[in-house]
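Asker: Handing over model.txt, compact mmCIF, N, CA and C atoms.
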# COMPACT_ATOMS: atom_id res chain seq x y z
N MET X 25 77.27 -101.93 13.93
CA MET X 25 76.42 -100.81 14.30
C MET X 25 76.48 -99.70 13.25
N ASP X 26 77.31 -99.89 12.25
CA ASP X 26 77.38 -98.90 11.19
C ASP X 26 76.02 -98.72 10.52
N LEU X 27 75.27 -99.78 10.37
CA LEU X 27 73.95 -99.69 9.78
C LEU X 27 73.04 -98.83 10.66
N ARG X 28 73.13 -98.97 11.97
CA ARG X 28 72.32 -98.15 12.87
C ARG X 28 72.65 -96.68 12.68
N ARG X 29 73.94 -96.36 12.53
CA ARG X 29 74.34 -94.96 12.31
C ARG X 29 73.72 -94.43 11.02
N GLN X 30 73.68 -95.26 9.98
CA GLN X 30 73.07 -94.85 8.73
C GLN X 30 71.57 -94.58 8.92
N TYR X 31 70.93 -95.42 9.70
CA TYR X 31 69.52 -95.18 10.00
C TYR X 31 69.32 -93.91 10.82
N GLU X 32 70.21 -93.63 11.75
CA GLU X 32 70.11 -92.39 12.53
C GLU X 32 70.16 -91.17 11.63
N ILE X 33 71.03 -91.20 10.63
CA ILE X 33 71.12 -90.09 9.68
C ILE X 33 69.82 -89.96 8.91
N LYS X 34 69.30 -91.08 8.41
CA LYS X 34 68.05 -91.07 7.65
C LYS X 34 66.88 -90.61 8.51
N GLU X 35 66.81 -91.09 9.74
CA GLU X 35 65.73 -90.69 10.65
C GLU X 35 65.80 -89.19 10.93
N THR X 36 67.00 -88.67 11.10
CA THR X 36 67.17 -87.24 11.34
C THR X 36 66.70 -86.43 10.14
N GLU X 37 67.05 -86.91 8.95
CA GLU X 37 66.59 -86.23 7.72
C GLU X 37 65.07 -86.24 7.62
N LEU X 38 64.46 -87.37 7.93
CA LEU X 38 63.01 -87.52 7.77
C LEU X 38 62.20 -86.92 8.92
N TYR X 39 62.70 -87.10 10.16
CA TYR X 39 61.89 -86.76 11.33
C TYR X 39 62.51 -85.71 12.25
N GLY X 40 63.69 -85.24 11.91
CA GLY X 40 64.34 -84.21 12.70
C GLY X 40 65.24 -84.72 13.80
N SER X 41 65.16 -86.01 14.11
CA SER X 41 66.04 -86.62 15.11
C SER X 41 66.00 -88.13 14.93
N PRO X 42 67.04 -88.82 15.42
CA PRO X 42 67.00 -90.28 15.35
C PRO X 42 65.96 -90.83 16.31
N TYR X 43 65.53 -92.05 16.03
CA TYR X 43 64.58 -92.71 16.92
C TYR X 43 65.17 -92.84 18.31
N THR X 44 64.32 -92.69 19.30
CA THR X 44 64.73 -92.92 20.69
C THR X 44 64.75 -94.41 20.94
N SER X 45 65.31 -94.77 22.07
CA SER X 45 65.33 -96.17 22.47
C SER X 45 63.91 -96.72 22.58
N ALA X 46 63.00 -95.92 23.12
CA ALA X 46 61.61 -96.36 23.25
C ALA X 46 60.98 -96.59 21.87
N GLU X 47 61.28 -95.73 20.92
CA GLU X 47 60.74 -95.89 19.57
C GLU X 47 61.32 -97.13 18.89
N ILE X 48 62.59 -97.39 19.13
CA ILE X 48 63.20 -98.62 18.60
C ILE X 48 62.50 -99.83 19.23
N GLY X 49 62.22 -99.74 20.52
CA GLY X 49 61.51 -100.81 21.20
C GLY X 49 60.11 -101.02 20.63
N GLU X 50 59.43 -99.94 20.30
CA GLU X 50 58.11 -100.05 19.69
C GLU X 50 58.21 -100.72 18.32
N GLY X 51 59.24 -100.37 17.57
CA GLY X 51 59.46 -101.02 16.27
C GLY X 51 59.72 -102.50 16.44
N PHE X 52 60.48 -102.85 17.46
CA PHE X 52 60.78 -104.25 17.75
C PHE X 52 59.48 -104.99 18.09
N ALA X 53 58.62 -104.37 18.87
CA ALA X 53 57.33 -105.00 19.20
C ALA X 53 56.52 -105.27 17.94
N GLY X 54 56.55 -104.34 17.00
CA GLY X 54 55.88 -104.55 15.72
C GLY X 54 56.50 -105.68 14.94
N ASP X 55 57.84 -105.76 14.97
CA ASP X 55 58.54 -106.86 14.30
C ASP X 55 58.14 -108.21 14.89
N VAL X 56 58.03 -108.26 16.21
CA VAL X 56 57.64 -109.51 16.87
C VAL X 56 56.22 -109.89 16.47
N LYS X 57 55.33 -108.92 16.40
CA LYS X 57 53.95 -109.20 15.97
C LYS X 57 53.95 -109.79 14.56
N ASN X 58 54.74 -109.20 13.67
CA ASN X 58 54.84 -109.74 12.31
C ASN X 58 55.45 -111.14 12.31
N LEU X 59 56.42 -111.35 13.19
CA LEU X 59 57.05 -112.66 13.31
C LEU X 59 56.03 -113.73 13.70
N VAL X 60 55.16 -113.40 14.64
CA VAL X 60 54.14 -114.35 15.08
C VAL X 60 53.23 -114.73 13.92
N LYS X 61 52.83 -113.75 13.13
CA LYS X 61 51.97 -114.02 11.97
C LYS X 61 52.67 -114.95 10.99
N LEU X 62 53.96 -114.73 10.78
CA LEU X 62 54.71 -115.58 9.85
C LEU X 62 54.89 -116.99 10.41
N ILE X 63 55.11 -117.10 11.70
CA ILE X 63 55.22 -118.43 12.32
C ILE X 63 53.90 -119.18 12.15
N GLN X 64 52.80 -118.50 12.38
CA GLN X 64 51.49 -119.14 12.22
C GLN X 64 51.28 -119.57 10.77
N ALA X 65 51.63 -118.71 9.83
CA ALA X 65 51.45 -119.05 8.41
C ALA X 65 52.35 -120.21 8.01
N GLU X 66 53.59 -120.19 8.46
CA GLU X 66 54.55 -121.23 8.09
C GLU X 66 54.18 -122.58 8.70
N SER X 67 53.65 -122.55 9.91
CA SER X 67 53.31 -123.80 10.59
C SER X 67 51.93 -124.31 10.21
N GLY X 68 51.15 -123.48 9.54
CA GLY X 68 49.79 -123.87 9.19
C GLY X 68 48.82 -123.74 10.35
N GLU X 69 49.25 -123.14 11.45
CA GLU X 69 48.42 -123.03 12.64
C GLU X 69 47.54 -121.77 12.65
N GLY X 70 47.86 -120.84 11.77
CA GLY X 70 47.09 -119.60 11.75
C GLY X 70 46.10 -119.57 10.62
N LYS X 71 45.32 -118.54 10.60
CA LYS X 71 44.32 -118.39 9.55
C LYS X 71 44.92 -117.72 8.32
N SER X 72 46.09 -117.12 8.48
CA SER X 72 46.72 -116.39 7.38
C SER X 72 47.44 -117.32 6.43
N GLN X 73 47.32 -117.00 5.18
CA GLN X 73 48.11 -117.64 4.14
C GLN X 73 49.05 -116.54 3.63
N ILE X 74 50.34 -116.73 3.81
CA ILE X 74 51.31 -115.72 3.40
C ILE X 74 52.25 -116.35 2.39
N ALA X 75 52.28 -115.77 1.19
CA ALA X 75 53.18 -116.28 0.15
C ALA X 75 54.62 -116.13 0.61
N ASN X 76 55.44 -117.12 0.29
CA ASN X 76 56.87 -117.10 0.62
C ASN X 76 57.09 -116.94 2.13
N SER X 77 56.24 -117.56 2.93
CA SER X 77 56.32 -117.36 4.38
C SER X 77 57.66 -117.80 4.96
N LYS X 78 58.27 -118.84 4.42
CA LYS X 78 59.56 -119.30 4.94
C LYS X 78 60.63 -118.23 4.75
N ASP X 79 60.71 -117.66 3.55
CA ASP X 79 61.69 -116.61 3.28
C ASP X 79 61.42 -115.39 4.15
N LYS X 80 60.15 -115.04 4.27
CA LYS X 80 59.78 -113.88 5.08
C LYS X 80 60.05 -114.13 6.56
N LEU X 81 59.84 -115.38 7.01
CA LEU X 81 60.13 -115.74 8.39
C LEU X 81 61.62 -115.58 8.68
N GLU X 82 62.44 -116.06 7.78
CA GLU X 82 63.89 -115.92 7.96
C GLU X 82 64.29 -114.46 8.04
N ALA X 83 63.74 -113.64 7.15
CA ALA X 83 64.08 -112.21 7.15
C ALA X 83 63.60 -111.54 8.44
N GLN X 84 62.40 -111.91 8.88
CA GLN X 84 61.84 -111.28 10.09
C GLN X 84 62.63 -111.67 11.33
N LEU X 85 63.09 -112.92 11.40
CA LEU X 85 63.95 -113.32 12.51
C LEU X 85 65.22 -112.47 12.53
N GLY X 86 65.76 -112.21 11.35
CA GLY X 86 66.93 -111.34 11.26
C GLY X 86 66.64 -109.93 11.74
N HIS X 87 65.47 -109.39 11.38
CA HIS X 87 65.08 -108.05 11.85
C HIS X 87 64.98 -108.02 13.37
N CYS X 88 64.35 -109.05 13.92
CA CYS X 88 64.19 -109.10 15.38
C CYS X 88 65.54 -109.20 16.08
N LEU X 89 66.42 -110.03 15.55
CA LEU X 89 67.75 -110.16 16.15
C LEU X 89 68.49 -108.84 16.09
N TRP X 90 68.40 -108.15 14.96
CA TRP X 90 69.08 -106.86 14.84
C TRP X 90 68.54 -105.87 15.87
N SER X 91 67.22 -105.85 16.05
CA SER X 91 66.64 -104.95 17.05
C SER X 91 67.14 -105.26 18.45
N VAL X 92 67.24 -106.54 18.78
CA VAL X 92 67.77 -106.93 20.10
C VAL X 92 69.21 -106.45 20.25
N ILE X 93 70.00 -106.62 19.22
CA ILE X 93 71.41 -106.17 19.28
C ILE X 93 71.48 -104.67 19.44
N VAL X 94 70.69 -103.92 18.67
CA VAL X 94 70.69 -102.46 18.77
C VAL X 94 70.27 -102.02 20.17
N LEU X 95 69.21 -102.62 20.69
CA LEU X 95 68.75 -102.24 22.03
C LEU X 95 69.77 -102.60 23.10
N SER X 96 70.45 -103.73 22.95
CA SER X 96 71.46 -104.09 23.95
C SER X 96 72.62 -103.11 23.92
N LYS X 97 73.02 -102.69 22.73
CA LYS X 97 74.11 -101.70 22.63
C LYS X 97 73.67 -100.36 23.19
N THR X 98 72.45 -99.96 22.87
CA THR X 98 71.92 -98.68 23.34
C THR X 98 71.89 -98.61 24.86
N HIS X 99 71.59 -99.74 25.50
CA HIS X 99 71.47 -99.77 26.95
C HIS X 99 72.68 -100.38 27.65
N ASN X 100 73.78 -100.51 26.90
CA ASN X 100 75.04 -101.02 27.45
C ASN X 100 74.85 -102.37 28.15
N VAL X 101 74.13 -103.26 27.50
CA VAL X 101 73.93 -104.61 28.02
C VAL X 101 74.86 -105.55 27.27
N ASP X 102 75.64 -106.30 28.02
CA ASP X 102 76.49 -107.33 27.41
C ASP X 102 75.57 -108.48 27.04
N LEU X 103 75.21 -108.53 25.77
CA LEU X 103 74.20 -109.48 25.32
C LEU X 103 74.64 -110.92 25.49
N GLU X 104 75.91 -111.20 25.26
CA GLU X 104 76.39 -112.57 25.42
C GLU X 104 76.25 -113.02 26.88
N THR X 105 76.66 -112.16 27.80
CA THR X 105 76.55 -112.49 29.22
C THR X 105 75.08 -112.62 29.63
N ALA X 106 74.26 -111.68 29.17
CA ALA X 106 72.84 -111.73 29.51
C ALA X 106 72.21 -113.02 28.99
N PHE X 107 72.58 -113.43 27.79
CA PHE X 107 72.05 -114.66 27.22
C PHE X 107 72.48 -115.88 28.03
N MET X 108 73.75 -115.96 28.33
CA MET X 108 74.25 -117.12 29.08
C MET X 108 73.61 -117.19 30.47
N GLU X 109 73.46 -116.05 31.13
CA GLU X 109 72.82 -116.04 32.44
C GLU X 109 71.35 -116.45 32.35
N ALA X 110 70.67 -116.00 31.30
CA ALA X 110 69.27 -116.40 31.11
C ALA X 110 69.16 -117.90 30.87
N MET X 111 70.08 -118.46 30.10
CA MET X 111 70.06 -119.90 29.85
C MET X 111 70.32 -120.68 31.13
N ASP X 112 71.23 -120.18 31.95
CA ASP X 112 71.49 -120.83 33.25
C ASP X 112 70.24 -120.81 34.12
N ARG X 113 69.54 -119.66 34.17
CA ARG X 113 68.33 -119.56 34.98
C ARG X 113 67.25 -120.52 34.47
N LEU X 114 67.10 -120.59 33.15
CA LEU X 114 66.11 -121.51 32.57
C LEU X 114 66.45 -122.96 32.90
N GLU X 115 67.72 -123.30 32.77
CA GLU X 115 68.13 -124.67 33.07
C GLU X 115 67.89 -124.99 34.53
N ASN X 116 68.26 -124.06 35.43
CA ASN X 116 68.03 -124.28 36.86
C ASN X 116 66.55 -124.42 37.17
N HIS X 117 65.74 -123.61 36.55
CA HIS X 117 64.29 -123.70 36.76
C HIS X 117 63.78 -125.07 36.31
N LEU X 118 64.22 -125.52 35.17
CA LEU X 118 63.81 -126.82 34.67
C LEU X 118 64.22 -127.93 35.63
N LEU X 119 65.43 -127.85 36.13
CA LEU X 119 65.92 -128.87 37.06
C LEU X 119 65.11 -128.84 38.36
N GLU X 120 64.80 -127.64 38.83
CA GLU X 120 64.04 -127.51 40.08
C GLU X 120 62.63 -128.07 39.95
N THR X 121 62.03 -127.93 38.78
CA THR X 121 60.66 -128.40 38.59
C THR X 121 60.61 -129.91 38.37
N GLN X 122 61.74 -130.54 38.12
CA GLN X 122 61.79 -131.99 37.93
C GLN X 122 61.98 -132.72 39.24
N GLU X 123 62.35 -132.02 40.26
CA GLU X 123 62.60 -132.65 41.56
C GLU X 123 61.34 -132.90 42.32
Starting from the file, lay out its structure as structure tokens.
Answerer:
Amino acid sequence: MDLRRQYEIKETELYGSPYTSAEIGEGFAGDVKNLVKLIQAESGEGKSQIANSKDKLEAQLGHCLWSVIVLSKTHNVDLETAFMEAMDRLENHLLETQE
């Protein structure tokens, strides 16, 4: 989270205060939108041709993951527990729909 602290300092210098949780969430939504474009370009399913799409896709996945980690820390969410519980729910749903 040291990187987040560095960004808070920079945001305060530029904008007078660090980004709020909602603003970080909005940035994450933008990152996801960019991720979708890169997935489409990399898979050949989209209309976009993006140079170095594989490298950019890898970087964008990293950005998205970092945003999720920052948001989980900001909201005191145990991300590991939340992930494991979500996987259990998905598995149970899958099992229920097979019966």
Asker: Which residue out of X:Ala75, X:Ile33, X:Cys88, X:Val101 has the minimum interatomic distance to Asn58 of chain X when only C-alpha atoms are used?
Answerer: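 Among X:Ala75, X:Ile33, X:Cys88, X:Val101, it is X:Cys88 that comes nearest to Asn58 of chain X.
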Asker: Please measure the separation of atom CA of Glu50 of chain X and atom CA of Lys80 of chain X, giving the value in Å to one decimal.
Answerer: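 Here the two named atoms are 20.2 Å from each other.
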Asker: Can you sort out the box for segment 68-82 of chain X, edges along x, y and z, all listed atoms in, 4 Å on every side, with centre and edge lengths in Å to one decimal, as JSON?
Answerer:
{"center_x": 54.3, "center_y": -118.9, "center_z": 6.4, "size_x": 28.0, "size_y": 18.0, "size_z": 20.5}
Asker: How many Å separate atom N of Gly54 of chain X from atom N of Lys78 of chain X?
Answerer: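 Result for atom N of Gly54 of chain X versus atom N of Lys78 of chain X: 19.3 Å, one decimal.
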Asker: Enter the distance from atom N of Leu95 of chain X to atom CA of Glu109 of chain X, in Å, rounded to one decimal.
Answerer: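 Atom CA of Glu109 of chain X lies at a distance of 18.2 Å from atom N of Leu95 of chain X.
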Asker: May I have all residues of chain X that DSSP, computed from the backbone, assigns to helix (DSSP H, G or I), given as a PyMOL selection string?
Answerer: chain X and resi 26-39+45-67+77-98+103-122
Asker: I need the residue nearest Ser45 of chain X from this list: X:Leu27, X:Val60, X:Leu118, X:Val94. Use only N, CA and C atoms for the distance.
Answerer: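 Once distances to Ser45 of chain X are computed over only N, CA and C atoms, the minimum belongs to X:Val94.
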Asker: Write out as number ranges by chain which residues come within 12 Å of Thr44 of chain X when counting only C-alpha atoms, dropping same-chain ones fewer than 2 positions away.
Answerer: X: 31-32, 35-36, 39-42, 46-51, 94-95, 98-99
Asker: Using only C-alpha atoms, which residues sit within 10 Å of Leu81 of chain X once same-chain residues fewer than 6 positions away are excluded, as number ranges by chain?
Answerer: X: 58-63, 65-66, 87
Asker: I'd like to know which of X:Phe52, X:Asn116, X:Arg28, X:Gln73 is closest to Val92 of chain X, using only N, CA and C atoms.
Answerer: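 So, comparing all the options, the nearest one is X:Phe52.
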